[in-house]
Every structure is written in structure tokens, then in C-alpha cells.
file my_file-v3.tsv (TSV, C-alpha atoms)
chain	number	residue	atom	x	y	z
A	118	MET	CA	59.41	-29.03	-90.49
A	119	ILE	CA	56.71	-30.60	-92.64
A	120	TRP	CA	55.55	-32.62	-89.66
A	121	SER	CA	54.99	-29.48	-87.59
A	122	ILE	CA	52.93	-27.89	-90.41
A	123	GLU	CA	50.84	-31.05	-90.58
A	124	LEU	CA	50.30	-30.94	-86.82
A	125	ILE	CA	49.17	-27.30	-86.91
A	126	ILE	CA	46.71	-28.07	-89.72
A	127	LEU	CA	45.41	-31.10	-87.80
A	128	PHE	CA	44.65	-28.93	-84.76
A	129	LEU	CA	43.01	-26.33	-87.00
A	130	VAL	CA	40.86	-29.09	-88.57
A	131	ALA	CA	39.69	-30.20	-85.13
A	132	LEU	CA	38.99	-26.56	-84.18
A	133	PHE	CA	36.97	-25.83	-87.32
A	134	GLY	CA	35.02	-29.08	-86.94
A	135	MET	CA	34.05	-28.13	-83.40
A	136	GLY	CA	33.15	-24.62	-84.60
A	137	ALA	CA	30.92	-25.97	-87.38
A	138	LEU	CA	28.98	-28.01	-84.83
A	139	ALA	CA	28.88	-25.32	-82.14
A	140	VAL	CA	27.78	-22.22	-84.08
A	141	LYS	CA	24.06	-21.42	-83.82
A	142	ASP	CA	23.88	-19.62	-87.16
A	143	LEU	CA	23.53	-22.29	-89.85
A	144	LEU	CA	25.05	-20.11	-92.58
A	145	GLY	CA	28.11	-19.63	-90.39
A	146	ALA	CA	28.20	-23.38	-89.80
A	147	ALA	CA	28.19	-23.92	-93.58
A	148	ILE	CA	31.11	-21.53	-94.07
A	149	LEU	CA	33.05	-23.10	-91.19
A	150	PHE	CA	32.43	-26.52	-92.72
A	151	GLY	CA	33.83	-25.26	-96.04
A	152	ALA	CA	36.96	-24.05	-94.24
A	153	TYR	CA	37.21	-27.47	-92.54
A	154	SER	CA	37.07	-29.18	-95.94
A	155	PHE	CA	39.74	-26.90	-97.40
A	156	LEU	CA	42.07	-27.58	-94.46
A	157	LEU	CA	41.55	-31.32	-94.97
A	158	CYS	CA	42.43	-30.85	-98.64
A	159	LEU	CA	45.66	-29.10	-97.60
A	160	LEU	CA	46.44	-31.98	-95.25
A	161	TRP	CA	46.01	-34.55	-98.01
A	162	ALA	CA	48.22	-32.54	-100.36
A	163	ILE	CA	50.92	-32.62	-97.66
A	164	MET	CA	50.46	-36.39	-97.25
A	165	GLY	CA	51.10	-36.85	-101.00
A	166	ALA	CA	47.56	-37.80	-102.02
A	167	VAL	CA	47.19	-35.11	-104.68
A	168	ASP	CA	44.28	-36.75	-106.52
A	169	VAL	CA	42.25	-37.00	-103.32
A	170	ALA	CA	43.25	-33.43	-102.45
A	171	PHE	CA	41.92	-31.83	-105.60
A	172	THR	CA	38.79	-33.98	-105.58
A	173	GLU	CA	38.12	-32.81	-102.04
A	174	ALA	CA	38.82	-29.19	-102.98
A	175	SER	CA	36.34	-29.23	-105.86
A	176	VAL	CA	33.70	-31.69	-104.65
A	177	GLY	CA	33.98	-31.66	-100.86
A	178	ALA	CA	34.67	-27.99	-100.23
A	179	GLY	CA	33.03	-26.49	-103.33
A	180	ILE	CA	29.86	-28.44	-104.09
A	181	SER	CA	29.15	-29.41	-100.46
A	182	THR	CA	29.29	-25.78	-99.30
A	183	VAL	CA	27.05	-24.66	-102.17
A	184	LEU	CA	24.54	-27.43	-101.39
A	185	ILE	CA	24.46	-26.62	-97.66
A	186	VAL	CA	24.13	-22.86	-98.29
A	187	SER	CA	21.28	-23.39	-100.77
A	188	ALA	CA	19.53	-25.74	-98.32
A	189	VAL	CA	19.92	-23.15	-95.54
A	190	LEU	CA	18.43	-20.48	-97.82
A	191	ARG	CA	15.46	-22.74	-98.59
A	192	THR	CA	14.84	-23.63	-94.93
A	193	THR	CA	15.66	-21.57	-91.84
A	194	ARG	CA	18.89	-19.99	-90.72
A	195	ARG	CA	18.46	-20.29	-86.97
A	196	SER	CA	19.34	-23.34	-84.92
A	197	GLU	CA	18.29	-24.09	-81.36
A	198	ASP	CA	21.55	-25.79	-80.38
B	91	MET	CA	56.05	-35.85	-69.64
B	92	GLU	CA	58.06	-38.90	-70.68
B	93	ILE	CA	54.84	-40.76	-71.45
B	94	PHE	CA	53.81	-37.80	-73.60
B	95	GLN	CA	57.02	-38.00	-75.66
B	96	ILE	CA	57.11	-41.78	-75.99
B	97	TRP	CA	53.46	-42.67	-76.39
B	98	VAL	CA	51.36	-39.63	-77.27
B	99	LEU	CA	53.55	-37.72	-79.71
B	100	PRO	CA	54.02	-40.47	-82.35
B	101	ARG	CA	50.30	-41.25	-82.24
B	102	LEU	CA	49.01	-37.69	-82.06
B	103	ASN	CA	47.54	-37.74	-85.58
B	104	TYR	CA	45.66	-40.97	-84.82
B	105	LEU	CA	44.32	-39.45	-81.60
B	106	ILE	CA	43.06	-36.45	-83.59
B	107	TYR	CA	41.38	-38.75	-86.13
B	108	ILE	CA	39.61	-40.57	-83.28
B	109	PHE	CA	38.60	-37.18	-81.87
B	110	LEU	CA	37.15	-36.13	-85.25
B	111	MET	CA	35.19	-39.40	-85.53
B	112	LEU	CA	33.76	-38.95	-82.04
B	113	LEU	CA	32.97	-35.31	-82.88
B	114	GLY	CA	30.94	-36.40	-85.91
B	115	LEU	CA	29.16	-39.07	-83.88
B	116	TYR	CA	28.39	-36.49	-81.18
B	117	GLY	CA	26.95	-34.16	-83.81
B	118	MET	CA	24.73	-36.92	-85.20
B	119	LEU	CA	23.49	-38.15	-81.83
B	120	VAL	CA	23.23	-35.09	-79.57
B	121	LYS	CA	22.46	-32.14	-81.84
B	122	ARG	CA	18.72	-31.73	-82.43
B	123	ASN	CA	18.93	-29.60	-85.55
B	124	TYR	CA	18.78	-31.67	-88.74
B	125	MET	CA	21.31	-29.49	-90.57
B	126	LYS	CA	23.77	-29.99	-87.69
B	127	LYS	CA	23.16	-33.73	-87.90
B	128	VAL	CA	24.05	-33.65	-91.62
B	129	ILE	CA	27.26	-31.70	-90.88
B	130	GLY	CA	28.14	-34.25	-88.17
B	131	LEU	CA	27.62	-37.08	-90.67
B	132	ASN	CA	30.02	-35.40	-93.09
B	133	ILE	CA	32.63	-34.84	-90.37
B	134	LEU	CA	32.46	-38.56	-89.50
B	135	GLN	CA	32.95	-39.52	-93.15
B	136	THR	CA	35.91	-37.18	-93.65
B	137	ALA	CA	37.56	-38.46	-90.45
B	138	ILE	CA	37.45	-42.03	-91.80
B	139	ILE	CA	38.80	-40.84	-95.18
B	140	LEU	CA	41.61	-39.00	-93.37
B	141	PHE	CA	42.55	-42.15	-91.46
B	142	PHE	CA	42.72	-44.23	-94.66
B	143	ILE	CA	44.83	-41.63	-96.49
B	144	SER	CA	47.25	-41.44	-93.57
B	145	THR	CA	47.82	-45.21	-93.74
B	146	ALA	CA	49.09	-44.76	-97.32
B	147	ALA	CA	51.73	-42.14	-96.46
B	148	LYS	CA	55.40	-43.15	-96.24
B	149	ILE	CA	58.45	-41.25	-95.05
B	150	GLY	CA	60.84	-40.45	-97.91
B	151	ALA	CA	58.44	-41.52	-100.68
B	152	THR	CA	57.04	-39.45	-103.54
B	153	ILE	CA	53.62	-39.27	-105.20
B	154	PRO	CA	52.67	-42.42	-107.16
B	155	ILE	CA	53.55	-41.26	-110.68
B	156	ILE	CA	56.28	-43.35	-112.32
B	157	ALA	CA	59.15	-41.13	-113.47
B	158	ASN	CA	61.10	-41.44	-116.82
B	159	HIS	CA	58.84	-43.88	-118.66
B	160	GLU	CA	59.64	-42.49	-122.12
B	161	HIS	CA	61.13	-45.84	-123.20
B	162	HIS	CA	57.89	-47.65	-123.88
B	163	GLY	CA	59.44	-50.95	-124.84
B	164	SER	CA	61.55	-51.48	-121.75
B	165	HIS	CA	59.73	-51.13	-118.47
B	166	ALA	CA	62.17	-50.82	-115.66
B	167	ALA	CA	61.22	-52.61	-112.45
B	168	VAL	CA	59.30	-50.27	-110.16
B	169	ASN	CA	60.76	-49.91	-106.72
B	170	ALA	CA	57.58	-49.76	-104.63
B	171	VAL	CA	59.32	-48.32	-101.56
B	172	GLN	CA	59.90	-45.03	-103.42
B	173	TYR	CA	56.19	-44.42	-104.05
B	174	ILE	CA	53.25	-43.74	-101.76
B	175	ASN	CA	50.68	-46.55	-101.78
B	176	PRO	CA	47.97	-45.46	-104.28
B	177	LEU	CA	45.34	-48.06	-103.34
B	178	PRO	CA	43.80	-46.18	-100.35
B	179	HIS	CA	43.76	-43.02	-102.49
B	180	VAL	CA	41.54	-44.70	-105.10
B	181	LEU	CA	39.22	-46.17	-102.47
B	182	MET	CA	38.82	-42.84	-100.70
B	183	LEU	CA	38.28	-41.00	-104.01
B	184	THR	CA	35.14	-43.11	-104.38
B	185	ALA	CA	34.21	-42.41	-100.75
B	186	ILE	CA	34.35	-38.62	-101.31
B	187	VAL	CA	31.95	-38.84	-104.25
B	188	VAL	CA	29.61	-41.08	-102.24
B	189	ALA	CA	29.77	-38.56	-99.38
B	190	VAL	CA	28.56	-35.77	-101.66
B	191	ALA	CA	25.72	-37.97	-102.95
B	192	THR	CA	24.72	-38.75	-99.35
B	193	LEU	CA	24.82	-35.05	-98.52
B	194	GLY	CA	22.54	-34.19	-101.44
B	195	VAL	CA	19.93	-36.80	-100.48
B	196	ALA	CA	20.07	-35.78	-96.80
B	197	LEU	CA	19.63	-32.08	-97.63
B	198	ALA	CA	16.68	-32.89	-99.94
B	199	MET	CA	15.05	-34.74	-97.04
B	200	VAL	CA	15.72	-31.79	-94.71
B	201	ILE	CA	14.07	-29.39	-97.18
B	202	ARG	CA	11.04	-31.72	-97.49
B	203	ILE	CA	10.75	-31.93	-93.68
B	204	TYR	CA	10.84	-28.13	-93.51
B	205	GLN	CA	8.04	-27.92	-96.11
B	206	LEU	CA	5.90	-30.36	-94.10
B	207	PHE	CA	6.55	-29.19	-90.53
B	208	SER	CA	8.02	-25.69	-91.06
B	209	THR	CA	10.82	-26.48	-88.62
B	210	ILE	CA	14.07	-28.46	-88.77
B	211	GLU	CA	14.38	-29.11	-85.03
B	212	GLU	CA	13.90	-32.77	-84.24
B	213	ASP	CA	12.06	-32.33	-80.93
B	214	GLN	CA	9.50	-29.97	-82.47
B	215	VAL	CA	8.93	-32.36	-85.39
B	216	LEU	CA	8.39	-35.21	-82.92
B	217	LEU	CA	5.99	-33.03	-80.89
B	218	GLN	CA	3.91	-32.27	-83.99
B	219	LEU	CA	3.85	-35.94	-84.99
B	220	ARG	CA	2.71	-36.95	-81.48
B	221	ARG	CA	-0.02	-34.31	-81.52
B	222	GLU	CA	-1.27	-35.55	-84.91
B	223	THR	CA	-1.48	-39.15	-83.72
B	224	LEU	CA	-3.33	-37.98	-80.57
B	225	VAL	CA	-5.88	-36.12	-82.70
B	226	ALA	CA	-6.31	-39.12	-85.00
B	227	ASP	CA	-6.83	-41.44	-82.01
B	228	ALA	CA	-9.39	-39.06	-80.49
B	229	LYS	CA	-11.32	-38.92	-83.78
B	230	GLU	CA	-11.32	-42.70	-84.03
B	231	SER	CA	-12.64	-43.16	-80.49
B	232	PHE	CA	-15.27	-40.46	-81.14
B	233	HIS	CA	-16.58	-42.37	-84.16
B	234	ASP	CA	-16.75	-45.56	-82.12

call {"tool": "encode", "arguments": {"input": "my_file-v3.tsv", "output": "C-alpha cells"}}
result
Amino acid sequence: MIWSIELIILFLVALFGMGALAVKDLLGAAILFGAYSFLLCLLWAIMGAVDVAFTEASVGAGISTVLIVSAVLRTTRRSED
Amino acid sequence: MEIFQIWVLPRLNYLIYIFLMLLGLYGMLVKRNYMKKVIGLNILQTAIILFFISTAAKIGATIPIIANHEHHGSHAAVNAVQYINPLPHVLMLTAIVVAVATLGVALAMVIRIYQLFSTIEEDQVLLQLRRETLVADAKESFHD
């Protein structure tokens, strides 16, 4: 049962990674990247690496998303590809 | 179908890690927007971290915190099979922090590039650089 949950989250991680690279709106890409990081954090909590999971949830998903959003606000929001 | 059950299904998580690594590499190489390149770099880093963490996982093991250690004088022998290997966790904890530092430096460079060229598309930046060198060469030949 756990294995199937892990598999579903793995496919969702791949999907959100592709979405973060495919979206033309950079703010949307930042939000999709935050969702990707949170799904990875969930995956590591399932694998038993709780310390890595909460570090990723605070640093990877929190601070990274804030940094990317602030950089998008300081530059441009549109992307050609 | 039999190949799928015997070969693909036990290795499906590794195949997805390889896919995530190639996705990050694709984002760094093919995408022309600098912000997309930074996101691709981060996807590549997290794919490698995911691979290392998955090597530490064991079936039927618990998280690496030693239970019932209230008797400080007598340390019972730790049965290592019951605990998940904590060494890759510590290594990848450092890697996450380094990834955020890398992201900060990369985004600072992107903001500086936008201040200089007022675009974050790589081909337009290269076009402006080429035009500047052409103008500089023309000025030099004019003075000669």
C-alpha cells in the first residue's frame, strides 16, 4: 500500500517538474516548482528520511519559492519558451 | 508484459530518477530563458538528492533514532538492520543547503543581467553583445 502511494507521488513529481519547465508564465513556473519541492518532501518522509524532509519543506520549498518569486518580480514575468 | 513485470516494475523509481535528471539537464541546455535554466538546475540537484535518499531506505526498518536509551550506563548493542542508514541523509542535508545557496547566487546574476540588458532571454542577450562588439570594432577601424 505504501509502495503504491510512493509510486503515485513519483509520477506527480515528474509531472510537476515537466510543468515547471513547460509553463511560459514565470510566476506559474515558480509556484509549480514549489509544489514539486513539497511533493519531494512528502516522498522523503515516506522513505523515512524525516530530517531531510523537513529541511526540504522549509528551505527547498519555502525559501526557494520566495527567492524565485522575488526575482521574477524584479525582472520580467514573460518567457519566450 | 512479462518484461514489464520482471524488469521495469522493480526499477521504476530508478527510471523516474533518471528521467528527472534528464529533465533538469534538458532545462539547462535547451531552454533559452535564464529563469528556466535556474529551475532546471534545481530539478537536476533534487533528482540526485532523491537518488541518494532512496539508497538509504530499507524494507522493514524504522527511522534512525535509537529507542529506549534511558539507561545511560549500559548501551545495548544496536542492531543496524532495524534502522535506516543515516549517512546519505546527512550528506544530502548539506546538499540541500548548498542548492539554496546556488539558487540565490544564480538569481542575483539573473537580476544583474536584467538590469544590464533589460531581458533574460539568452539569444537576445547574445545578440546585444554581438552588436556591441561590432560597434566597437567599427569605431576602432574608423580611428585607424

call {"tool": "residues_around", "arguments": {"input": "my_file-v3.tsv", "residues": "Val186 (chain A)", "least_positions_apart": "4", "cutoff": "8 Å", "atoms": "all atoms listed in the file", "output": "ChimeraX atom specification"}}
result
/A:144,147,182,190

call {"tool": "closest_atom_pairs", "arguments": {"input": "my_file-v3.tsv", "of": "chain B", "to": "chain A", "cutoff": "9 Å", "atoms": "only C-alpha atoms", "output": "CSV"}}
result
residue,atom,partner,partner_atom,distance
B:Leu102,CA,A:Leu124,CA,8.4
B:Asn103,CA,A:Leu127,CA,7.3
B:Ile106,CA,A:Leu127,CA,7.2
B:Tyr107,CA,A:Ala131,CA,8.8
B:Phe109,CA,A:Ala131,CA,7.8
B:Leu110,CA,A:Ala131,CA,6.5
B:Leu113,CA,A:Met135,CA,7.3
B:Gly114,CA,A:Gly134,CA,8.4
B:Gly117,CA,A:Leu138,CA,6.6
B:Lys121,CA,A:Asp198,CA,6.6
B:Arg122,CA,A:Asp198,CA,6.9
B:Asn123,CA,A:Ser196,CA,6.3
B:Met125,CA,A:Leu143,CA,7.6
B:Lys126,CA,A:Leu138,CA,6.3
B:Lys127,CA,A:Leu138,CA,8.7
B:Ile129,CA,A:Leu138,CA,7.3
B:Gly130,CA,A:Leu138,CA,7.1
B:Ile133,CA,A:Gly134,CA,7.1
B:Thr136,CA,A:Leu157,CA,8.2
B:Leu140,CA,A:Trp161,CA,7.8
B:Ile143,CA,A:Ala166,CA,7.3
B:Ser144,CA,A:Met164,CA,7.0
B:Ala146,CA,A:Met164,CA,8.5
B:Ala147,CA,A:Met164,CA,5.9
B:Lys148,CA,A:Met164,CA,8.4
B:Ala151,CA,A:Gly165,CA,8.7
B:Thr152,CA,A:Gly165,CA,7.0
B:Ile153,CA,A:Gly165,CA,5.5
B:Pro154,CA,A:Gly165,CA,8.5
B:Ile174,CA,A:Gly165,CA,7.3
B:Pro176,CA,A:Ala166,CA,8.0
B:His179,CA,A:Val169,CA,6.3
B:Val180,CA,A:Val169,CA,7.9
B:Met182,CA,A:Val169,CA,7.3
B:Leu183,CA,A:Val169,CA,5.7
B:Ile186,CA,A:Glu173,CA,7.0
B:Val187,CA,A:Val176,CA,7.4
B:Ala189,CA,A:Gly177,CA,8.2
B:Val190,CA,A:Ser181,CA,6.5
B:Leu193,CA,A:Ser181,CA,7.4
B:Gly194,CA,A:Leu184,CA,7.0
B:Leu197,CA,A:Ala188,CA,6.4
B:Ala198,CA,A:Ala188,CA,7.9
B:Val200,CA,A:Ala188,CA,8.0
B:Ile201,CA,A:Thr192,CA,6.2
B:Tyr204,CA,A:Thr192,CA,6.2
B:Gln205,CA,A:Thr192,CA,8.1
B:Ser208,CA,A:Thr192,CA,8.1
B:Thr209,CA,A:Thr193,CA,7.6
B:Ile210,CA,A:Thr193,CA,7.7
B:Glu211,CA,A:Glu197,CA,7.3

call {"tool": "atom_distance", "arguments": {"input": "my_file-v3.tsv", "atom1": "CA of Gln135 (chain B)", "atom2": "CA of Ala185 (chain B)"}}
result
8.2 Å

call {"tool": "closest_residue", "arguments": {"input": "my_file-v3.tsv", "among": "B:Gln214, B:Leu99, B:Asn132, B:Thr184", "to": "Gly151 (chain A)", "atoms": "all atoms listed in the file"}}
result
B:Asn132

call {"tool": "atom_distance", "arguments": {"input": "my_file-v3.tsv", "atom1": "CA of Gly179 (chain A)", "atom2": "CA of Tyr116 (chain B)"}}
result
24.7 Å

call {"tool": "axis_aligned_box", "arguments": {"input": "my_file-v3.tsv", "around": "region 164-175 of chain A", "padding_each_side": "6 Å", "output": "AutoDock Vina command-line options"}}
result
--center_x 43.7 --center_y -33.5 --center_z -101.9 --size_x 26.8 --size_y 20.6 --size_z 21.3
